[in-house]
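Source file: model_20.csv; contents: CSV, C-alpha atoms and all ligand atoms.
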chain,number,residue,atom,x,y,z
A,245,MET,CA,-4.1,-23.4,-7.9
A,246,LYS,CA,-1.7,-23.7,-10.8
A,247,TYR,CA,1.9,-24.7,-10.4
A,248,GLN,CA,4.8,-23.5,-12.4
A,249,ALA,CA,8.4,-24.7,-12.9
A,250,LEU,CA,10.6,-22.3,-10.9
A,251,GLY,CA,13.1,-21.7,-13.7
A,252,ASN,CA,15.7,-24.5,-14.0
A,253,THR,CA,15.6,-25.3,-10.2
A,254,GLY,CA,13.5,-28.5,-10.7
A,255,LEU,CA,10.9,-27.1,-8.3
A,256,MET,CA,7.2,-26.7,-9.1
A,257,VAL,CA,5.8,-23.8,-7.1
A,258,SER,CA,2.3,-22.3,-6.7
A,259,ARG,CA,1.8,-19.1,-8.7
A,260,LEU,CA,0.9,-17.5,-5.3
A,261,CYS,CA,3.8,-17.4,-2.9
A,262,PHE,CA,3.1,-16.6,0.8
A,263,GLY,CA,5.1,-13.5,1.6
A,264,SER,CA,5.8,-13.8,5.3
A,265,LEU,CA,7.2,-10.4,6.1
A,266,THR,CA,3.7,-9.2,6.8
A,267,ILE,CA,3.1,-11.5,9.8
A,268,SER,CA,6.6,-10.9,11.2
A,269,PRO,CA,7.7,-8.7,14.1
A,270,LEU,CA,8.6,-6.0,11.5
A,271,GLN,CA,5.0,-5.6,10.5
A,272,ALA,CA,1.8,-7.2,12.0
A,273,ASN,CA,3.9,-9.0,14.7
A,274,LEU,CA,1.4,-11.8,15.0
A,275,PRO,CA,2.1,-14.3,17.8
A,276,PRO,CA,3.7,-17.5,16.3
A,277,GLU,CA,0.5,-19.6,16.7
A,278,GLU,CA,-1.7,-17.0,15.1
A,279,GLY,CA,0.8,-16.4,12.2
A,280,ALA,CA,1.0,-20.2,11.7
A,281,GLU,CA,-2.8,-20.3,11.3
A,282,VAL,CA,-2.6,-17.7,8.5
A,283,ILE,CA,0.1,-19.7,6.7
A,284,LEU,CA,-1.8,-22.9,7.2
A,285,ALA,CA,-4.9,-21.4,5.5
A,286,ALA,CA,-2.7,-20.6,2.5
A,287,LEU,CA,-1.2,-24.0,2.4
A,288,ALA,CA,-4.6,-25.6,2.6
A,289,GLY,CA,-5.6,-23.5,-0.3
A,290,GLY,CA,-2.8,-24.9,-2.5
A,291,VAL,CA,0.1,-22.5,-1.8
A,292,ASN,CA,3.3,-24.5,-1.6
A,293,PHE,CA,5.9,-21.7,-1.7
A,294,ILE,CA,6.8,-19.4,1.3
A,295,ASP,CA,9.2,-16.5,1.2
A,296,THR,CA,11.0,-15.5,4.3
A,297,ALA,CA,14.3,-14.0,5.5
A,298,GLU,CA,16.5,-14.2,8.6
A,299,TYR,CA,15.8,-10.5,9.1
A,300,TYR,CA,12.0,-11.2,9.4
A,301,GLN,CA,12.5,-13.2,12.7
A,302,ASN,CA,9.6,-15.5,11.8
A,303,TYR,CA,11.2,-19.0,11.4
A,304,ARG,CA,9.3,-20.3,14.5
A,305,THR,CA,6.0,-19.2,13.0
A,306,ILE,CA,6.7,-20.9,9.7
A,307,ALA,CA,8.1,-24.0,11.5
A,308,LEU,CA,4.8,-24.4,13.4
A,309,ALA,CA,2.8,-24.2,10.2
A,310,LEU,CA,5.1,-26.7,8.4
A,311,LEU,CA,4.9,-29.1,11.3
A,312,GLN,CA,1.1,-29.0,11.3
A,313,PHE,CA,0.8,-29.2,7.5
A,314,GLY,CA,3.0,-32.2,7.3
A,315,ARG,CA,3.4,-32.1,3.5
A,316,GLU,CA,6.2,-30.7,1.4
A,317,VAL,CA,6.4,-26.9,1.2
A,318,HIS,CA,9.1,-25.0,-0.7
A,319,VAL,CA,10.7,-22.3,1.6
A,320,ALA,CA,13.0,-19.6,0.3
A,321,SER,CA,15.0,-17.5,2.8
A,322,LYS,CA,17.6,-14.8,2.6
A,323,SER,CA,20.6,-13.5,4.5
A,324,TYR,CA,22.7,-10.4,4.7
A,325,ALA,CA,25.8,-12.5,5.4
A,326,VAL,CA,29.0,-11.3,3.6
A,327,THR,CA,31.6,-14.0,4.4
A,328,GLY,CA,31.4,-17.7,3.8
A,329,ARG,CA,31.4,-18.5,7.5
A,330,GLN,CA,28.6,-16.0,8.2
A,331,MET,CA,26.5,-17.4,5.4
A,332,ARG,CA,27.0,-21.0,6.7
A,333,GLU,CA,25.9,-19.9,10.1
A,334,SER,CA,22.9,-18.1,8.7
A,335,LEU,CA,21.8,-21.1,6.5
A,336,TYR,CA,22.1,-23.5,9.5
A,337,ARG,CA,20.0,-21.0,11.6
A,338,ALA,CA,17.4,-21.2,8.9
A,339,LEU,CA,17.4,-25.0,8.6
A,340,ASP,CA,17.3,-25.4,12.4
A,341,GLY,CA,14.7,-22.6,12.9
A,342,LEU,CA,12.4,-24.0,10.3
A,343,GLY,CA,12.9,-27.6,11.3
A,344,VAL,CA,13.8,-28.8,7.7
A,345,SER,CA,16.8,-30.5,6.2
A,346,GLN,CA,16.7,-28.6,2.9
A,347,LEU,CA,15.5,-25.2,1.7
A,348,ALA,CA,14.1,-24.5,-1.8
A,349,ALA,CA,16.4,-21.5,-2.0
A,350,PHE,CA,18.7,-19.3,0.0
A,351,LEU,CA,19.2,-15.7,-1.3
A,352,LEU,CA,21.6,-12.9,-0.8
A,353,HIS,CA,19.3,-10.3,0.7
A,354,GLU,CA,19.0,-6.8,-0.9
A,355,GLN,CA,21.7,-6.8,-3.6
A,356,GLU,CA,22.0,-3.6,-5.5
A,357,SER,CA,24.5,-4.2,-8.4
A,358,ALA,CA,27.4,-6.2,-9.7
A,359,ALA,CA,29.6,-4.3,-7.2
A,360,THR,CA,27.6,-5.4,-4.1
A,361,LEU,CA,27.5,-8.9,-5.6
A,362,ARG,CA,31.3,-8.9,-5.8
A,363,GLY,CA,31.4,-7.8,-2.2
A,364,HIS,CA,29.4,-10.9,-1.2
A,365,ARG,CA,31.6,-13.3,-3.3
A,366,GLU,CA,32.5,-15.5,-0.3
A,367,ALA,CA,28.9,-15.8,0.8
A,368,LEU,CA,27.9,-16.7,-2.7
A,369,GLU,CA,30.6,-19.3,-3.0
A,370,TYR,CA,29.4,-20.9,0.2
A,371,LEU,CA,25.8,-21.1,-1.1
A,372,VAL,CA,27.0,-22.8,-4.3
A,373,ALA,CA,28.8,-25.4,-2.0
A,374,ALA,CA,25.6,-25.7,0.1
A,375,LYS,CA,23.7,-26.5,-3.1
A,376,GLU,CA,26.2,-29.2,-4.0
A,377,GLN,CA,25.7,-30.7,-0.5
A,378,GLY,CA,22.0,-30.7,-1.0
A,379,LEU,CA,21.2,-28.2,1.8
A,380,ILE,CA,19.5,-25.9,-0.7
A,381,LYS,CA,18.0,-26.4,-4.2
A,382,ALA,CA,18.8,-23.0,-5.6
A,383,VAL,CA,21.0,-19.9,-5.0
A,384,GLY,CA,19.4,-16.5,-5.4
A,385,LEU,CA,19.3,-12.8,-4.7
A,386,SER,CA,16.7,-10.3,-3.8
A,387,THR,CA,16.8,-6.7,-5.1
A,388,HIS,CA,15.0,-3.5,-5.4
A,389,TYR,CA,17.4,-2.5,-8.2
A,390,ILE,CA,17.3,-3.0,-12.0
A,391,ALA,CA,21.1,-3.2,-11.8
A,392,GLY,CA,20.7,-6.0,-9.2
A,393,VAL,CA,18.6,-8.0,-11.7
A,394,TYR,CA,21.2,-7.5,-14.5
A,395,ALA,CA,24.0,-8.5,-12.1
A,396,ALA,CA,22.2,-11.7,-11.2
A,397,ALA,CA,21.4,-12.4,-14.9
A,398,ALA,CA,25.1,-12.3,-15.6
A,399,SER,CA,26.1,-14.4,-12.6
A,400,PRO,CA,26.4,-18.2,-13.4
A,401,GLU,CA,26.1,-19.0,-9.7
A,402,ILE,CA,22.6,-17.4,-9.4
A,403,ASP,CA,19.6,-19.6,-10.1
A,404,LEU,CA,16.8,-17.3,-9.1
A,405,ILE,CA,16.0,-13.7,-8.6
A,406,HIS,CA,13.4,-12.0,-6.3
A,407,PRO,CA,13.0,-8.5,-7.7
A,408,LEU,CA,10.7,-5.7,-6.6
A,409,ILE,CA,8.1,-5.2,-9.3
A,410,ASN,CA,4.6,-3.7,-9.3
A,411,ARG,CA,2.2,-2.1,-11.8
A,412,ALA,CA,3.1,1.4,-10.7
A,413,GLY,CA,6.9,0.8,-10.5
A,414,ILE,CA,6.8,2.1,-6.8
A,415,GLY,CA,10.0,1.3,-4.9
A,416,ILE,CA,12.2,0.5,-7.9
A,417,VAL,CA,15.3,2.5,-6.9
A,418,ASP,CA,17.1,3.0,-10.2
A,419,GLY,CA,14.5,3.2,-13.0
A,420,THR,CA,11.0,2.6,-14.2
A,421,ARG,CA,8.7,-0.4,-14.2
A,422,ASP,CA,9.2,-1.1,-17.8
A,423,GLU,CA,13.0,-1.0,-17.4
A,424,MET,CA,12.7,-3.5,-14.5
A,425,LEU,CA,10.5,-5.7,-16.7
A,426,ALA,CA,13.1,-5.6,-19.5
A,427,ALA,CA,15.8,-6.6,-17.0
A,428,ILE,CA,13.6,-9.5,-15.7
A,429,ARG,CA,13.0,-10.6,-19.3
A,430,PHE,CA,16.7,-10.6,-20.0
A,431,ALA,CA,17.3,-12.6,-16.8
A,432,ARG,CA,14.7,-15.1,-17.9
A,433,GLN,CA,16.5,-15.5,-21.2
A,434,MET,CA,19.6,-16.2,-19.2
A,435,GLY,CA,17.8,-19.1,-17.6
A,436,LYS,CA,17.0,-17.5,-14.2
A,437,ALA,CA,13.9,-18.2,-12.2
A,438,VAL,CA,12.0,-15.1,-11.0
A,439,TYR,CA,9.4,-14.6,-8.3
A,440,GLY,CA,8.2,-11.0,-7.7
A,441,MET,CA,7.9,-9.0,-4.5
A,442,LYS,CA,6.0,-5.9,-3.4
A,443,VAL,CA,3.4,-6.3,-6.2
A,444,LEU,CA,1.1,-4.1,-4.0
A,445,ALA,CA,4.0,-1.7,-3.3
A,446,GLY,CA,3.7,-2.3,0.4
A,447,GLY,CA,0.1,-1.2,0.4
A,448,HIS,CA,0.3,1.8,-1.8
A,449,LEU,CA,-1.8,0.1,-4.4
A,450,HIS,CA,-4.5,-0.9,-1.9
A,451,ARG,CA,-7.1,1.2,-3.8
A,452,GLU,CA,-6.5,-1.0,-6.8
A,453,LEU,CA,-5.8,-4.3,-5.2
A,454,ARG,CA,-7.5,-6.4,-7.8
A,455,ILE,CA,-5.9,-4.6,-10.7
A,456,ALA,CA,-2.4,-4.6,-9.2
A,457,LEU,CA,-2.6,-8.3,-8.3
A,458,GLU,CA,-4.1,-9.2,-11.7
A,459,TRP,CA,-1.3,-7.3,-13.4
A,460,ALA,CA,1.4,-9.2,-11.5
A,461,PHE,CA,-0.1,-12.6,-12.0
A,462,LYS,CA,-0.4,-12.0,-15.7
A,463,GLN,CA,3.3,-11.1,-16.2
A,464,PRO,CA,4.7,-14.1,-18.1
A,465,GLU,CA,8.2,-13.3,-16.7
A,466,LEU,CA,7.1,-14.1,-13.1
A,467,ASP,CA,7.1,-17.8,-12.2
A,468,SER,CA,5.5,-16.9,-8.9
A,469,VAL,CA,4.3,-13.8,-7.1
A,470,ALA,CA,4.9,-13.2,-3.4
A,471,VAL,CA,2.0,-11.5,-1.7
A,472,GLY,CA,2.1,-10.5,2.0
A,473,MET,CA,-0.9,-11.8,3.9
A,474,LYS,CA,-1.6,-11.2,7.6
A,475,SER,CA,-5.1,-12.6,8.1
A,476,ILE,CA,-7.1,-15.7,7.0
A,477,ALA,CA,-9.6,-13.4,5.2
A,478,GLU,CA,-6.7,-11.9,3.2
A,479,VAL,CA,-5.5,-15.3,2.3
A,480,GLU,CA,-9.0,-16.3,1.1
A,481,ALA,CA,-9.3,-13.1,-1.0
A,482,ASN,CA,-6.0,-13.8,-2.7
A,483,LEU,CA,-6.8,-17.5,-3.3
A,484,ARG,CA,-10.1,-16.5,-4.8
A,485,LEU,CA,-8.5,-14.0,-7.1
A,486,VAL,CA,-5.8,-16.4,-8.2
A,487,GLU,CA,-8.3,-19.2,-8.8
A,488,ALA,CA,-10.4,-17.0,-11.0
A,489,LEU,CA,-7.3,-15.9,-13.0
A,490,ASP,CA,-6.1,-19.5,-13.3
A,491,ASN,CA,-9.5,-20.5,-14.8
A,492,ALA,CA,-9.7,-17.3,-16.9
A,493,ALA,CA,-13.0,-16.6,-15.1
A,494,SER,CA,-14.2,-13.1,-14.4
A,495,VAL,CA,-13.8,-12.1,-10.8
A,496,GLU,CA,-16.8,-10.7,-9.2
A,497,GLU,CA,-15.8,-7.2,-8.2
A,498,THR,CA,-18.3,-7.1,-5.3
A,499,GLU,CA,-17.2,-10.5,-4.0
A,500,LEU,CA,-13.6,-9.5,-4.0
A,501,ALA,CA,-14.3,-6.1,-2.5
A,502,ARG,CA,-16.1,-7.8,0.3
A,503,LEU,CA,-13.3,-10.3,0.9
A,504,PHE,CA,-10.6,-7.7,0.8
A,505,SER,CA,-12.6,-5.4,3.0
A,506,LEU,CA,-12.8,-8.2,5.6
A,507,SER,CA,-9.1,-8.9,5.3
A,508,GLY,CA,-7.7,-5.7,6.7
A,509,ALA,CA,-5.6,-5.1,3.6
A,510,GLY,CA,-6.4,-1.4,3.7
A,511,PRO,CA,-4.2,1.7,3.7
A,512,ARG,CA,-1.2,1.7,5.9
A,513,HIS,CA,1.6,4.1,6.6
A,514,LEU,CA,4.9,4.3,8.5
A,515,LEU,CA,4.5,6.2,11.8
A,516,VAL,CA,7.5,7.9,13.4
A,517,GLU,CA,6.8,8.2,17.2
A,518,GLU,CA,7.4,11.5,18.9
A,519,TRP,CA,10.2,10.0,21.0
A,520,CYS,CA,12.5,9.5,18.0
A,521,SER,CA,15.9,10.7,18.9
A,522,GLY,CA,17.0,11.5,15.4
A,523,CYS,CA,20.0,9.0,15.5
A,524,GLY,CA,19.7,8.4,11.8
A,525,LYS,CA,20.1,4.6,11.9
A,526,CYS,CA,16.8,4.1,10.0
A,527,VAL,CA,17.8,6.6,7.4
A,528,ARG,CA,21.0,4.6,6.6
A,529,ARG,CA,19.0,1.3,6.7
A,530,CYS,CA,16.1,2.3,4.3
A,531,PRO,CA,16.8,0.7,0.9
A,532,ASN,CA,14.5,3.1,-0.8
A,533,LYS,CA,15.9,6.4,0.5
A,534,ALA,CA,12.5,7.2,1.9
A,535,LEU,CA,13.7,8.7,5.3
A,536,HIS,CA,15.6,11.8,6.3
A,537,ILE,CA,16.2,13.7,9.5
A,538,GLU,CA,14.5,17.0,10.0
A,539,ASP,CA,14.5,19.1,13.2
A,540,GLY,CA,16.0,16.1,15.1
A,541,ARG,CA,13.5,13.5,14.0
A,542,ALA,CA,13.1,11.0,11.2
A,543,VAL,CA,10.7,12.0,8.5
A,544,VAL,CA,9.3,9.6,5.9
A,545,ASN,CA,8.5,10.4,2.3
A,546,PRO,CA,5.4,8.3,1.8
A,547,ASP,CA,5.8,8.3,-2.0
A,548,ALA,CA,9.1,6.5,-1.7
A,549,CYS,CA,8.3,4.2,1.2
A,550,VAL,CA,7.2,0.7,0.3
A,551,LEU,CA,6.3,-0.2,3.9
A,552,CYS,CA,8.9,-3.0,4.1
A,553,GLY,CA,9.4,-2.4,7.8
A,554,TYR,CA,13.2,-2.8,7.5
A,555,CYS,CA,13.8,0.5,9.2
A,556,GLY,CA,11.9,-0.6,12.3
A,557,GLY,CA,14.4,-3.4,12.7
A,558,VAL,CA,17.3,-1.1,13.4
A,559,CYS,CA,15.5,1.4,15.7
A,560,SER,CA,16.5,0.5,19.2
A,561,ASP,CA,13.9,3.1,20.5
A,562,PHE,CA,11.0,1.3,18.8
A,563,ALA,CA,10.0,4.6,17.3
A,564,LEU,CA,8.9,3.3,13.9
A,565,LYS,CA,5.7,1.4,13.3
A,566,ILE,CA,3.7,0.4,10.3
A,567,ILE,CA,0.0,1.0,11.1
B,1,LIG,S1,16.3,4.8,14.2
B,1,LIG,FE1,14.6,5.3,15.5
B,1,LIG,S2,15.3,6.8,16.9
B,1,LIG,FE2,16.8,6.7,15.2
B,1,LIG,S3,16.2,8.3,13.8
B,1,LIG,FE3,15.2,6.4,13.2
B,1,LIG,S4,13.2,6.4,14.2
B,1,LIG,FE4,14.4,7.9,15.2
B,2,LIG,S1,11.1,4.0,5.3
B,2,LIG,FE1,11.2,2.0,6.3
B,2,LIG,S2,9.3,0.9,5.7
B,2,LIG,FE2,9.6,2.6,4.2
B,2,LIG,S3,10.9,1.8,2.5
B,2,LIG,FE3,12.3,2.7,4.0
B,2,LIG,S4,12.9,0.9,5.3
B,2,LIG,FE4,11.0,0.3,4.2

So that I can check it, write out the structure of this file as C-alpha cells.
Amino acid sequence: MKYQALGNTGLMVSRLCFGSLTISPLQANLPPEEGAEVILAALAGGVNFIDTAEYYQNYRTIALALLQFGREVHVASKSYAVTGRQMRESLYRALDGLGVSQLAAFLLHEQESAATLRGHREALEYLVAAKEQGLIKAVGLSTHYIAGVYAAAASPEIDLIHPLINRAGIGIVDGTRDEMLAAIRFARQMGKAVYGMKVLAGGHLHRELRIALEWAFKQPELDSVAVGMKSIAEVEANLRLVEALDNAASVEETELARLFSLSGAGPRHLLVEEWCSGCGKCVRRCPNKALHIEDGRAVVNPDACVLCGYCGGVCSDFALKII
C-alpha cells in the first residue's frame, strides 16, 4: 500500500480510504463486531485512513476495530452542526464514541456553496479552535457540489475537501465530471487536501468496478479515495486492485472478477416499501434530488440516486432500504 501526504495536514494516508457508510445502519447495517472485522481486514492490509460521520451511527464499530488493531489510524468524521456549541458537542461525541483523543479531521457535512458555508460560520470557527487545541489535525468539508469545492478552495479555514467524484460524473449536483475535476484541481492549487467519495457512484458503476476504481486511483488530484466496503472479500478485492496499481502491474481481470463476485459488491437499488405514507421527509433530505412523491408514495429516480442511504435516516416508518 502506498501512502500519500494529505495536502498540508502533515498526515500520511493510504491511497485507499475505508469508507464506513457501507457497514453502517444506513446501508448494510452490520452488527458492530462484524463491521469491526471488515475494518480490521482493511487495516491489516495497510489501510490507515477511515472516513465516517456522526450521521452514519457507526462510531462503536470503528472503536472496536481501533481497539483491536492497536496502532495509529487516521479517522475523519463529519457533522451537520451549525452553531459552535453544536459542533463542540458533535466533536466530543466523535472523540468519546471512537475512543480517541484526536481525530485526523472533522468536516462540515454536505456543504453546497459559499452561502451554506457562511451559514455554518460559527461551527467552522469552533473547528479552527479545536485544531488549535490539538483535538483535530485538519478542518474540512464534504460536498456533492462543484460550488462547494470552490467555496472550500476560497476558505482559508478549510484544510481538506471530500468531494463526490466518479468516472461517470453520477451524483454531481451542479455540473459535469470534468467541471468537478477542474474545481478540485483549483482547490489543490490553493493548498487543499482532497479525498474522493462515491467513486463507484453508490453501486451504479458495479458493471465496470475495475475501470471505475482504476480511474479514481489514477486521478493525481486525489490524495486518497474512499471506497465503501461491507465484506472481507470486498476489502481483499480492493486491496488487490490497489496493490496492482501501486506496482504498475496488470490486474488479472479474471482474478478480480472472482474476488469482486465473492464480495457481494453487485447491483443495488433503493427500495420504497409499500407502507410509505408519503410524508415527504425523504424528498427534502435527499442531497441529489432523486426522490419525489407520486400517488401518495415516495418514488426514486434511479439515475439520480447514488445510494448514499441518507434518506433512510429520516424515515421514521423505515420504508426505505438499500438492497
Ligand atoms: S420519509 Fe419514509 S414514509 Fe415519508 S415519504 Fe419518505 S419513504 Fe415515505
Ligand atoms: S434517494 Fe436516498 S439513497 Fe438515493 S441519493 Fe437520495 S438520499 Fe441518497

Name each residue within 7 Å of ligand LIG 2 (chain B), counting all atoms listed in the file, as a PDB file with C-alpha atoms, in the coordinates of the input.
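Once written, result35.pdb looks like this:
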ATOM      1  CA  LEU A 514       4.900   4.300   8.500  1.00  0.00           C
ATOM      2  CA  CYS A 526      16.800   4.100  10.000  1.00  0.00           C
ATOM      3  CA  ARG A 529      19.000   1.300   6.700  1.00  0.00           C
ATOM      4  CA  CYS A 530      16.100   2.300   4.300  1.00  0.00           C
ATOM      5  CA  PRO A 531      16.800   0.700   0.900  1.00  0.00           C
ATOM      6  CA  ASN A 532      14.500   3.100  -0.800  1.00  0.00           C
ATOM      7  CA  LYS A 533      15.900   6.400   0.500  1.00  0.00           C
ATOM      8  CA  ALA A 534      12.500   7.200   1.900  1.00  0.00           C
ATOM      9  CA  LEU A 535      13.700   8.700   5.300  1.00  0.00           C
ATOM     10  CA  VAL A 544       9.300   9.600   5.900  1.00  0.00           C
ATOM     11  CA  ALA A 548       9.100   6.500  -1.700  1.00  0.00           C
ATOM     12  CA  CYS A 549       8.300   4.200   1.200  1.00  0.00           C
ATOM     13  CA  VAL A 550       7.200   0.700   0.300  1.00  0.00           C
ATOM     14  CA  LEU A 551       6.300  -0.200   3.900  1.00  0.00           C
ATOM     15  CA  CYS A 552       8.900  -3.000   4.100  1.00  0.00           C
ATOM     16  CA  GLY A 553       9.400  -2.400   7.800  1.00  0.00           C
ATOM     17  CA  TYR A 554      13.200  -2.800   7.500  1.00  0.00           C
ATOM     18  CA  CYS A 555      13.800   0.500   9.200  1.00  0.00           C
ATOM     19  CA  GLY A 556      11.900  -0.600  12.300  1.00  0.00           C
TER      20      GLY A 556
END

Neighbours of point (6.6, -22.9, 5.3) within 7 Å, using only C-alpha atoms, written as a PDB file with C-alpha atoms, keeping the file's coordinate frame:
ATOM      1  CA  ILE A 294       6.800 -19.400   1.300  1.00  0.00           C
ATOM      2  CA  ILE A 306       6.700 -20.900   9.700  1.00  0.00           C
ATOM      3  CA  ALA A 307       8.100 -24.000  11.500  1.00  0.00           C
ATOM      4  CA  ALA A 309       2.800 -24.200  10.200  1.00  0.00           C
ATOM      5  CA  LEU A 310       5.100 -26.700   8.400  1.00  0.00           C
ATOM      6  CA  VAL A 317       6.400 -26.900   1.200  1.00  0.00           C
ATOM      7  CA  HIS A 318       9.100 -25.000  -0.700  1.00  0.00           C
ATOM      8  CA  VAL A 319      10.700 -22.300   1.600  1.00  0.00           C
TER       9      VAL A 319
END

Rank nothing, just name the residue among A:Leu444, A:Met434, A:Leu515, A:Leu347 nearest to Ile405 (chain A), using all atoms listed in the file.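 Checking each of A:Leu444, A:Met434, A:Leu515, A:Leu347 against Ile405 (chain A), counting all atoms listed in the file, the winner is A:Met434.
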
Could I get the residue neighbourhood of ligand LIG 1 (chain B) at 10 Å, counting all atoms listed in the file, as a count of residues only? 36

What's around Ala349 (chain A) at 10 Å? Count only C-alpha atoms, leave out sequence neighbours fewer than 6 positions away in its own chain, and write the answer as an mmCIF file with C-alpha atoms, keeping the file's coordinate frame.
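The result, written out as out_28.cif:
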data_model
loop_
_atom_site.group_PDB
_atom_site.id
_atom_site.type_symbol
_atom_site.label_atom_id
_atom_site.label_comp_id
_atom_site.auth_asym_id
_atom_site.auth_seq_id
_atom_site.Cartn_x
_atom_site.Cartn_y
_atom_site.Cartn_z
ATOM 1 C CA THR A 253 15.600 -25.300 -10.200
ATOM 2 C CA ASP A 295 9.200 -16.500 1.200
ATOM 3 C CA HIS A 318 9.100 -25.000 -0.700
ATOM 4 C CA VAL A 319 10.700 -22.300 1.600
ATOM 5 C CA ALA A 320 13.000 -19.600 0.300
ATOM 6 C CA SER A 321 15.000 -17.500 2.800
ATOM 7 C CA LYS A 322 17.600 -14.800 2.600
ATOM 8 C CA LEU A 371 25.800 -21.100 -1.100
ATOM 9 C CA LYS A 375 23.700 -26.500 -3.100
ATOM 10 C CA LEU A 379 21.200 -28.200 1.800
ATOM 11 C CA ILE A 380 19.500 -25.900 -0.700
ATOM 12 C CA LYS A 381 18.000 -26.400 -4.200
ATOM 13 C CA ALA A 382 18.800 -23.000 -5.600
ATOM 14 C CA VAL A 383 21.000 -19.900 -5.000
ATOM 15 C CA GLY A 384 19.400 -16.500 -5.400
ATOM 16 C CA LEU A 385 19.300 -12.800 -4.700
ATOM 17 C CA ASP A 403 19.600 -19.600 -10.100
ATOM 18 C CA LEU A 404 16.800 -17.300 -9.100
#

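Distances from A:Ile476, A:Leu308, A:Val471, A:Ala249 to Glu458 (chain A) were compared using all atoms listed in the file, and the smallest one belongs to A:Val471.
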
Quick one: everything within 12 Å of Ala431 (chain A), counting only C-alpha atoms, minus sequence neighbours fewer than 2 positions away in the same chain. Send it as number ranges by chain. A: 251, 390-400, 402-407, 424-429, 433-439, 465-466
